[in-house]
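Let me begin by presenting the structure, written as structure tokens, before commenting on it.
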2 protein chains.
Amino acid sequence: MLTEPAYRIGSAAHLFPRADRRDLPLGPRSPTNSIELLGSAVSFVRNAEIYAEREPADYLYKVLSGTVRTYRALMDGRRQVGAFYLPGDIFGLESGEEHVFSAEAVVDSTVMVVDRGIVTSLAACDRDVARQLWALMGRELERTQDRLLLLIKTAHERVASFLLEMADRLPSNDEVELAMSRQDIADYLGLTIETVSRMLTQLENASAIALPTSKRIVLRDREVLKRLIA
Amino acid sequence: MLTEPAYRIGSAAHLFPRADRRDLPLGPRSPTNSIELLGSAVSFVRNAEIYAEREPADYLYKVLSGTVRTYRALMDGRRQVGAFYLPGDIFGLESGEEHVFSAEAVVDSTVMVVDRGIVTSLAACDRDVARQLWALMGRELERTQDRLLLLIKTAHERVASFLLEMADRLPSNDEVELAMSRQDIADYLGLTIETVSRMLTQLENASAIALPTSKRIVLRDREVLKRLIA
DNA sequence: CGCCAGGTTGAAGAGAATCAAGTGATGTGG
DNA sequence: CCACATCACTTGATTCTCTTCAACCTGGCG
């Protein structure tokens, strides 16, 4: 399915993850985001691997800048992107000991890395941290469940849903700068790049959106999009 | 999409859920399944609604006998079955205050109903209960993630995966009695009943399975099935 | 300038959905 | 106990959506 896995070469990240780490001071922690203050910032270049499927899940990650994708691959090359994580999002949380997905930087990204053991032992005594972890897992579950519903829809509906989701999650209103490639989007939506491309042009022709550049998308008519998502 | 929603009529369950409740003694609880000893058993007839989407999630449920399906419906009738729960399985756990899915009995079923508040307050002091809840949520997440991967596969692969999953989860080895209808399976796999039926006959013709009756399925050649799931 | 990855577009094909008919089980009432 | 109705499942023919294969743009960059 993926004829050229060239974009998957970035895994050299393993060789330098701690290179540019800046250890952060452990100041007094606020109750709402105590989790994030225990780690160090690490940078990853575009397509660099942050962790791989079946690796021990020893860390939690929070996106500081850039975008991260998680994915699973079938042996024949088909790939399912599990989620895109934007600045502020936390990822890498697992109930088991190993990562179920792989994680890669979509573009050059900076990520806060937090030791999992520290967080869990903190959660053991601090009610509030425990609640945060619970909420985090819950949000992850809900998002995955939403994707289930998305994957039974038509190509039109999936692409429209994707655009609205991204518009919601990105700061901008009505104009979004997508970090990910068409291949990423396709693998997220369970479609091919050609289909994604076609749906976008059709939406543009219906003047529901505008495409100043291939990655920049202007939502012209949210109502049309919403009507499309079924 | 579903021309006749006739099979959705069973929601009369609301009228009698507590009718045949048998309160259970709260004996000394074992650490491994303490959650389940705080509830009462309730029976639901085939297709009866156990709870509906957006209802407050005040209870946890454990299947004692029968089978339960959770699902979400799109306004145009399309339905996505979230999961099937078999005897021993726990369902209804939500991170938020409301159910995201609806739940119905696939066949006449008995379910243990546990007050959510009791469980969570128990979890607050009992480390072990908290860990159980965490594991439960984690398992739910992993299952949902597995479904994501399933929904990008072909019809053959989905049906083969489904059969292997059910064979794993049901007591029997190599012979499974499916409680759910073709429509349920189709809505679980994101296919139509016709496609499910066709894939089953094809598997039968390939002598990977046998179908003594429409609900009873014998796994003749697991290897063929495994090769199919990609 | 020209290369090349990423993106778009077109034509042909495959796979699943839809539409439609038939078969088989189950249950009900006479 | 059988005739009939109903429901669930299967099978066939056709349609349609999305994929596949292929060519062609486009924009960034050495």
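Note on naming: chains are A, B, ... as they come in the structure tokens, residues start from 1 per chain, ligands start from 1 in the order shown.
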
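All chain C residues having an atom within 9 Å of chain A, based on only C-alpha atoms (C1' of nucleotides), amount to C:DG6, C:DG7, C:DT8, C:DT9.
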
Residue selection dump (all heavy atoms) as a short mmCIF file (atom, residue, chain, number, x, y, z; two decimals), in the first residue's frame:
```cif
data_model
loop_
_atom_site.label_atom_id
_atom_site.label_comp_id
_atom_site.auth_asym_id
_atom_site.auth_seq_id
_atom_site.Cartn_x
_atom_site.Cartn_y
_atom_site.Cartn_z
P DG C 6 7.93 13.68 0.56
OP1 DG C 6 7.94 13.88 2.02
OP2 DG C 6 7.70 12.36 -0.02
"O5'" DG C 6 6.86 14.68 -0.04
"C5'" DG C 6 6.85 16.04 0.36
"C4'" DG C 6 5.65 16.71 -0.24
"O4'" DG C 6 5.78 16.70 -1.69
"C3'" DG C 6 4.34 16.00 0.08
"O3'" DG C 6 3.39 16.97 0.43
"C2'" DG C 6 4.01 15.26 -1.21
"C1'" DG C 6 4.61 16.18 -2.26
N9 DG C 6 4.97 15.53 -3.51
C8 DG C 6 5.60 14.32 -3.68
N7 DG C 6 5.79 14.01 -4.94
C5 DG C 6 5.25 15.08 -5.64
C6 DG C 6 5.16 15.33 -7.04
O6 DG C 6 5.56 14.61 -7.96
N1 DG C 6 4.54 16.54 -7.32
C2 DG C 6 4.06 17.41 -6.36
N2 DG C 6 3.50 18.54 -6.81
N3 DG C 6 4.14 17.21 -5.05
C4 DG C 6 4.74 16.03 -4.77
P DG C 7 1.88 16.59 0.79
OP1 DG C 7 1.43 17.56 1.80
OP2 DG C 7 1.80 15.14 1.04
"O5'" DG C 7 1.12 16.92 -0.56
"C5'" DG C 7 1.10 18.26 -1.03
"C4'" DG C 7 0.46 18.31 -2.39
"O4'" DG C 7 1.25 17.51 -3.30
"C3'" DG C 7 -0.96 17.73 -2.45
"O3'" DG C 7 -1.86 18.81 -2.69
"C2'" DG C 7 -0.93 16.74 -3.61
"C1'" DG C 7 0.40 17.02 -4.29
N9 DG C 7 1.03 15.83 -4.85
C8 DG C 7 1.58 14.77 -4.16
N7 DG C 7 2.10 13.86 -4.94
C5 DG C 7 1.86 14.34 -6.22
C6 DG C 7 2.19 13.77 -7.48
O6 DG C 7 2.76 12.70 -7.72
N1 DG C 7 1.76 14.59 -8.52
C2 DG C 7 1.11 15.79 -8.37
N2 DG C 7 0.78 16.44 -9.49
N3 DG C 7 0.82 16.34 -7.20
C4 DG C 7 1.21 15.55 -6.17
P DT C 8 -3.43 18.53 -2.85
OP1 DT C 8 -4.11 19.79 -2.47
OP2 DT C 8 -3.74 17.27 -2.14
"O5'" DT C 8 -3.65 18.29 -4.40
"C5'" DT C 8 -3.35 19.34 -5.31
"C4'" DT C 8 -3.51 18.84 -6.72
"O4'" DT C 8 -2.65 17.70 -6.92
"C3'" DT C 8 -4.91 18.37 -7.09
"O3'" DT C 8 -5.40 19.24 -8.10
"C2'" DT C 8 -4.73 16.93 -7.60
"C1'" DT C 8 -3.23 16.87 -7.88
N1 DT C 8 -2.58 15.54 -7.74
C2 DT C 8 -2.14 14.90 -8.86
O2 DT C 8 -2.25 15.35 -9.99
N3 DT C 8 -1.53 13.69 -8.62
C4 DT C 8 -1.34 13.07 -7.40
O4 DT C 8 -0.79 11.99 -7.31
C5 DT C 8 -1.83 13.81 -6.25
C7 DT C 8 -1.68 13.25 -4.88
C6 DT C 8 -2.42 14.99 -6.48
P DT C 9 -6.91 19.22 -8.57
OP1 DT C 9 -7.22 20.55 -9.14
OP2 DT C 9 -7.72 18.65 -7.49
"O5'" DT C 9 -6.90 18.17 -9.77
"C5'" DT C 9 -6.07 18.40 -10.91
"C4'" DT C 9 -6.08 17.19 -11.81
"O4'" DT C 9 -5.29 16.14 -11.21
"C3'" DT C 9 -7.46 16.58 -12.09
"O3'" DT C 9 -7.69 16.66 -13.48
"C2'" DT C 9 -7.35 15.14 -11.60
"C1'" DT C 9 -5.84 14.91 -11.61
N1 DT C 9 -5.33 13.88 -10.67
C2 DT C 9 -4.55 12.87 -11.17
O2 DT C 9 -4.24 12.76 -12.33
N3 DT C 9 -4.12 11.97 -10.22
C4 DT C 9 -4.40 11.99 -8.87
O4 DT C 9 -3.94 11.13 -8.12
C5 DT C 9 -5.23 13.08 -8.42
C7 DT C 9 -5.60 13.18 -6.98
C6 DT C 9 -5.66 13.96 -9.34
#
```

Exercise: Tyr188 in chain B partners within 12 Å, only C-alpha atoms (C1' of nucleotides), chain neighbours under 4 positions left out, as a ChimeraX atom specification: /A:148-149,151-152 /B:69-73,78-84,144,147-148,150-151,155,158-159,161-162,180-184,192-193,196

I'd like the contact shell of DC2 in chain D - 12 Å cut-off, only C-alpha atoms (C1' of nucleotides), skipping same-chain residues fewer than 2 positions apart - returned as a PyMOL selection string. (chain C and resi 28-30) or (chain D and resi 4)

Considering only C-alpha atoms, extract the chain B residues located within 6 Å of chain A and return them as JSON, numbers by chain. {"B": [95, 138, 141, 152, 190]}

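Near chain A, the residues of chain D that fall inside 9 Å (using only C-alpha atoms (C1' of nucleotides)) are DT17, DC18 and DT19 of chain D.
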
Please, what distance in Å, to one decimal, runs between CA of Pro171 in chain A and CA of Leu64 in chain A?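 Going from CA of Pro171 in chain A over to CA of Leu64 in chain A, I get 14.3 Å.
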
Need the shell around DC29 in chain D: protein/DNA/RNA residues with any atom at most 10 Å away, counting only C-alpha atoms (C1' of nucleotides). Skip same-chain ones fewer than 2 positions apart. Format as a PyMOL selection string? (chain C and resi 3-4) or (chain D and resi 27)

Write down as number ranges by chain the residues belonging to range 20-120 of chain B that are assigned strand (DSSP E) by DSSP computed on the backbone. B: 22-23, 40-44, 49-51, 59-65, 68-73, 79-85, 90-91, 102-105, 109-115

Need to verify the contact set: Leu211 in chain B, 12 Å, only C-alpha atoms (C1' of nucleotides), exclusion of same-chain residues closer than 6 positions in sequence. Can you return it as a ChimeraX atom specification? /B:174-178,197,200-205,217-220

Would you output that residue set with all heavy atoms, as a compact mmCIF listing (two decimals), in the first residue's frame?
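Result written to selection.txt:
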```txt
# COMPACT_ATOMS: atom_id res chain seq x y z
N ASP B 174 -12.47 -23.83 19.15
CA ASP B 174 -12.77 -24.20 17.76
C ASP B 174 -14.26 -24.28 17.42
O ASP B 174 -14.60 -24.38 16.25
CB ASP B 174 -12.11 -25.53 17.38
CG ASP B 174 -10.61 -25.37 17.25
OD1 ASP B 174 -10.13 -24.22 17.34
OD2 ASP B 174 -9.93 -26.39 17.07
N GLU B 175 -15.12 -24.23 18.42
CA GLU B 175 -16.55 -24.17 18.08
C GLU B 175 -17.20 -23.07 18.90
O GLU B 175 -17.20 -23.14 20.13
CB GLU B 175 -17.22 -25.51 18.34
CG GLU B 175 -18.70 -25.46 17.99
CD GLU B 175 -19.21 -26.80 17.45
OE1 GLU B 175 -18.46 -27.80 17.46
OE2 GLU B 175 -20.38 -26.83 17.02
N VAL B 176 -17.72 -22.06 18.22
CA VAL B 176 -18.30 -20.93 18.94
C VAL B 176 -19.78 -20.78 18.62
O VAL B 176 -20.20 -20.99 17.49
CB VAL B 176 -17.57 -19.61 18.60
CG1 VAL B 176 -16.14 -19.67 19.06
CG2 VAL B 176 -17.64 -19.30 17.13
N GLU B 177 -20.53 -20.43 19.66
CA GLU B 177 -21.95 -20.15 19.50
C GLU B 177 -22.11 -18.63 19.60
O GLU B 177 -21.96 -18.05 20.68
CB GLU B 177 -22.74 -20.84 20.60
CG GLU B 177 -24.23 -20.57 20.59
CD GLU B 177 -24.97 -21.40 19.54
OE1 GLU B 177 -24.47 -22.50 19.20
OE2 GLU B 177 -26.03 -20.93 19.07
N LEU B 178 -22.36 -18.00 18.48
CA LEU B 178 -22.48 -16.55 18.48
C LEU B 178 -23.85 -16.14 19.00
O LEU B 178 -24.87 -16.64 18.53
CB LEU B 178 -22.31 -16.01 17.05
CG LEU B 178 -20.96 -16.27 16.39
CD1 LEU B 178 -20.97 -15.71 14.97
CD2 LEU B 178 -19.82 -15.66 17.19
N SER B 197 -22.27 -12.07 5.51
CA SER B 197 -22.77 -13.37 5.10
C SER B 197 -21.90 -13.97 3.98
O SER B 197 -21.49 -15.14 4.04
CB SER B 197 -24.21 -13.23 4.63
OG SER B 197 -24.79 -14.48 4.39
N LEU B 200 -18.54 -15.15 5.19
CA LEU B 200 -18.65 -16.40 5.93
C LEU B 200 -18.79 -17.58 4.98
O LEU B 200 -18.13 -18.61 5.16
CB LEU B 200 -19.85 -16.34 6.89
CG LEU B 200 -19.67 -15.46 8.12
CD1 LEU B 200 -20.95 -15.35 8.91
CD2 LEU B 200 -18.55 -15.99 9.00
N THR B 201 -19.62 -17.44 3.95
CA THR B 201 -19.76 -18.55 3.00
C THR B 201 -18.45 -18.80 2.27
O THR B 201 -18.09 -19.95 2.02
CB THR B 201 -20.89 -18.28 1.99
OG1 THR B 201 -21.03 -16.91 1.78
CG2 THR B 201 -22.20 -18.82 2.49
N GLN B 202 -17.75 -17.73 1.95
CA GLN B 202 -16.46 -17.91 1.28
C GLN B 202 -15.47 -18.64 2.18
O GLN B 202 -14.72 -19.50 1.71
CB GLN B 202 -15.89 -16.55 0.86
CG GLN B 202 -16.59 -15.97 -0.37
CD GLN B 202 -15.99 -14.63 -0.80
OE1 GLN B 202 -14.81 -14.39 -0.57
NE2 GLN B 202 -16.80 -13.78 -1.40
N LEU B 203 -15.49 -18.28 3.46
CA LEU B 203 -14.61 -18.97 4.40
C LEU B 203 -15.00 -20.44 4.52
O LEU B 203 -14.15 -21.31 4.66
CB LEU B 203 -14.66 -18.31 5.78
CG LEU B 203 -13.95 -16.97 5.89
CD1 LEU B 203 -14.19 -16.34 7.27
CD2 LEU B 203 -12.45 -17.14 5.66
N GLU B 204 -16.31 -20.68 4.44
CA GLU B 204 -16.78 -22.05 4.50
C GLU B 204 -16.33 -22.82 3.26
O GLU B 204 -15.84 -23.95 3.35
CB GLU B 204 -18.31 -22.08 4.61
CG GLU B 204 -18.85 -23.45 4.93
CD GLU B 204 -20.37 -23.43 5.12
OE1 GLU B 204 -21.03 -22.55 4.53
OE2 GLU B 204 -20.88 -24.29 5.86
N ASN B 205 -16.47 -22.20 2.09
CA ASN B 205 -16.05 -22.84 0.85
C ASN B 205 -14.55 -23.11 0.85
O ASN B 205 -14.08 -24.08 0.26
CB ASN B 205 -16.41 -21.96 -0.35
CG ASN B 205 -17.92 -21.89 -0.55
OD1 ASN B 205 -18.66 -22.75 -0.07
ND2 ASN B 205 -18.37 -20.84 -1.22
N ILE B 217 -20.44 -21.63 14.74
CA ILE B 217 -19.34 -21.61 13.80
C ILE B 217 -18.19 -22.47 14.29
O ILE B 217 -17.72 -22.33 15.41
CB ILE B 217 -18.85 -20.16 13.56
CG1 ILE B 217 -20.01 -19.34 12.96
CG2 ILE B 217 -17.63 -20.14 12.66
CD1 ILE B 217 -19.63 -17.97 12.52
N VAL B 218 -17.76 -23.36 13.43
CA VAL B 218 -16.64 -24.24 13.77
C VAL B 218 -15.40 -23.74 13.05
O VAL B 218 -15.40 -23.58 11.83
CB VAL B 218 -16.93 -25.70 13.33
CG1 VAL B 218 -15.77 -26.59 13.72
CG2 VAL B 218 -18.23 -26.19 13.93
N LEU B 219 -14.35 -23.50 13.80
CA LEU B 219 -13.09 -23.08 13.18
C LEU B 219 -12.34 -24.32 12.73
O LEU B 219 -11.78 -25.05 13.53
CB LEU B 219 -12.25 -22.28 14.18
CG LEU B 219 -12.92 -21.03 14.79
CD1 LEU B 219 -11.87 -20.19 15.52
CD2 LEU B 219 -13.62 -20.20 13.75
N ARG B 220 -12.35 -24.56 11.43
CA ARG B 220 -11.71 -25.76 10.88
C ARG B 220 -10.21 -25.54 10.73
O ARG B 220 -9.41 -26.44 10.99
CB ARG B 220 -12.28 -26.07 9.49
CG ARG B 220 -13.60 -26.75 9.50
CD ARG B 220 -13.77 -27.64 8.27
NE ARG B 220 -15.05 -28.33 8.36
CZ ARG B 220 -15.31 -29.23 9.30
NH1 ARG B 220 -14.37 -29.59 10.17
NH2 ARG B 220 -16.50 -29.79 9.36
```

Can you list, as a PyMOL selection string, every residue of chain A that DSSP puts in helix (DSSP H, G or I)? chain A and resi 5-15+34-38+116-125+127-150+155-169+182-189+193-205+222-228

Give me the residues within 12 Å of Ala57 in chain B as a PyMOL selection string, counting only C-alpha atoms (C1' of nucleotides) and dropping any in the same chain fewer than 4 places off. chain B and resi 50-53+61+91-103+113-117

Please save N, CA and C atoms of the selected residues as a CSV table (one decimal), in the first residue's frame.
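File selection.csv, as written:
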```
chain,number,residue,atom,x,y,z
B,50,ILE,N,-30.1,-1.3,28.4
B,50,ILE,CA,-29.6,-1.3,29.7
B,50,ILE,C,-29.3,0.2,30.1
B,51,TYR,N,-28.7,0.9,29.2
B,51,TYR,CA,-28.7,2.4,29.4
B,51,TYR,C,-28.5,3.0,28.0
B,52,ALA,N,-28.8,4.3,27.9
B,52,ALA,CA,-28.7,5.0,26.7
B,52,ALA,C,-27.6,6.0,26.6
B,53,GLU,N,-27.2,6.3,25.5
B,53,GLU,CA,-26.2,7.4,25.2
B,53,GLU,C,-26.6,8.6,25.9
B,61,TYR,N,-21.4,-2.2,35.3
B,61,TYR,CA,-22.1,-3.4,35.1
B,61,TYR,C,-21.1,-4.6,34.8
B,91,PHE,N,-18.7,-3.6,31.9
B,91,PHE,CA,-18.9,-2.5,31.0
B,91,PHE,C,-19.6,-1.3,31.7
B,92,GLY,N,-19.7,-0.2,31.0
B,92,GLY,CA,-20.4,1.0,31.5
B,92,GLY,C,-19.4,1.9,32.2
B,93,LEU,N,-18.1,1.6,32.2
B,93,LEU,CA,-17.2,2.5,32.9
B,93,LEU,C,-16.9,3.7,32.0
B,94,GLU,N,-17.1,4.9,32.5
B,94,GLU,CA,-16.8,6.1,31.8
B,94,GLU,C,-15.9,7.0,32.6
B,95,SER,N,-15.2,7.8,31.9
B,95,SER,CA,-14.4,8.8,32.6
B,95,SER,C,-15.2,10.0,32.9
B,96,GLY,N,-16.2,10.3,32.0
B,96,GLY,CA,-17.0,11.5,32.3
B,96,GLY,C,-18.3,11.1,33.1
B,97,GLU,N,-19.2,12.0,33.1
B,97,GLU,CA,-20.4,11.7,33.9
B,97,GLU,C,-21.5,11.0,33.1
B,98,GLU,N,-21.4,11.0,31.8
B,98,GLU,CA,-22.4,10.5,31.0
B,98,GLU,C,-21.9,9.3,30.1
B,99,HIS,N,-22.8,8.4,29.8
B,99,HIS,CA,-22.5,7.3,28.9
B,99,HIS,C,-22.3,7.8,27.5
B,100,VAL,N,-21.2,7.4,26.8
B,100,VAL,CA,-21.0,7.7,25.5
B,100,VAL,C,-21.7,6.8,24.5
B,101,PHE,N,-21.9,5.6,25.0
B,101,PHE,CA,-22.5,4.6,24.2
B,101,PHE,C,-23.9,4.2,24.8
B,102,SER,N,-24.7,3.6,24.0
B,102,SER,CA,-25.9,2.9,24.6
B,102,SER,C,-25.5,1.5,24.8
B,103,ALA,N,-26.3,0.8,25.7
B,103,ALA,CA,-26.0,-0.6,25.9
B,103,ALA,C,-27.3,-1.4,25.9
B,113,VAL,N,-25.3,-5.0,38.7
B,113,VAL,CA,-25.3,-3.6,38.6
B,113,VAL,C,-24.6,-3.0,39.9
B,114,VAL,N,-23.6,-2.2,39.8
B,114,VAL,CA,-22.9,-1.7,40.9
B,114,VAL,C,-22.9,-0.2,40.9
B,115,ASP,N,-23.2,0.4,42.0
B,115,ASP,CA,-23.2,1.9,42.1
B,115,ASP,C,-21.9,2.4,41.9
B,116,ARG,N,-21.8,3.4,41.0
B,116,ARG,CA,-20.5,4.0,40.6
B,116,ARG,C,-19.9,4.7,41.8
B,117,GLY,N,-20.7,5.5,42.5
B,117,GLY,CA,-20.2,6.3,43.6
B,117,GLY,C,-19.6,5.4,44.6
```

For DC21 in chain D, list every protein, DNA or RNA residue within 12 Å, evaluated using only C-alpha atoms (C1' of nucleotides), and leave out those in the same chain fewer than 5 positions away; present the list as a list in words.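 That gives Glu194 of chain A; DG10, DA11, DA12 and DG13 of chain C.
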
For CA of Ser172 in chain A and CA of Asp221 in chain A, determine how far apart the two atoms are, in Å to one decimal place.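 Taking CA of Ser172 in chain A and CA of Asp221 in chain A, their separation equals 15.2 Å.
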
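Pairwise distance (CA of Asp58 in chain B, CA of Thr120 in chain B) equals 10.7 Å.
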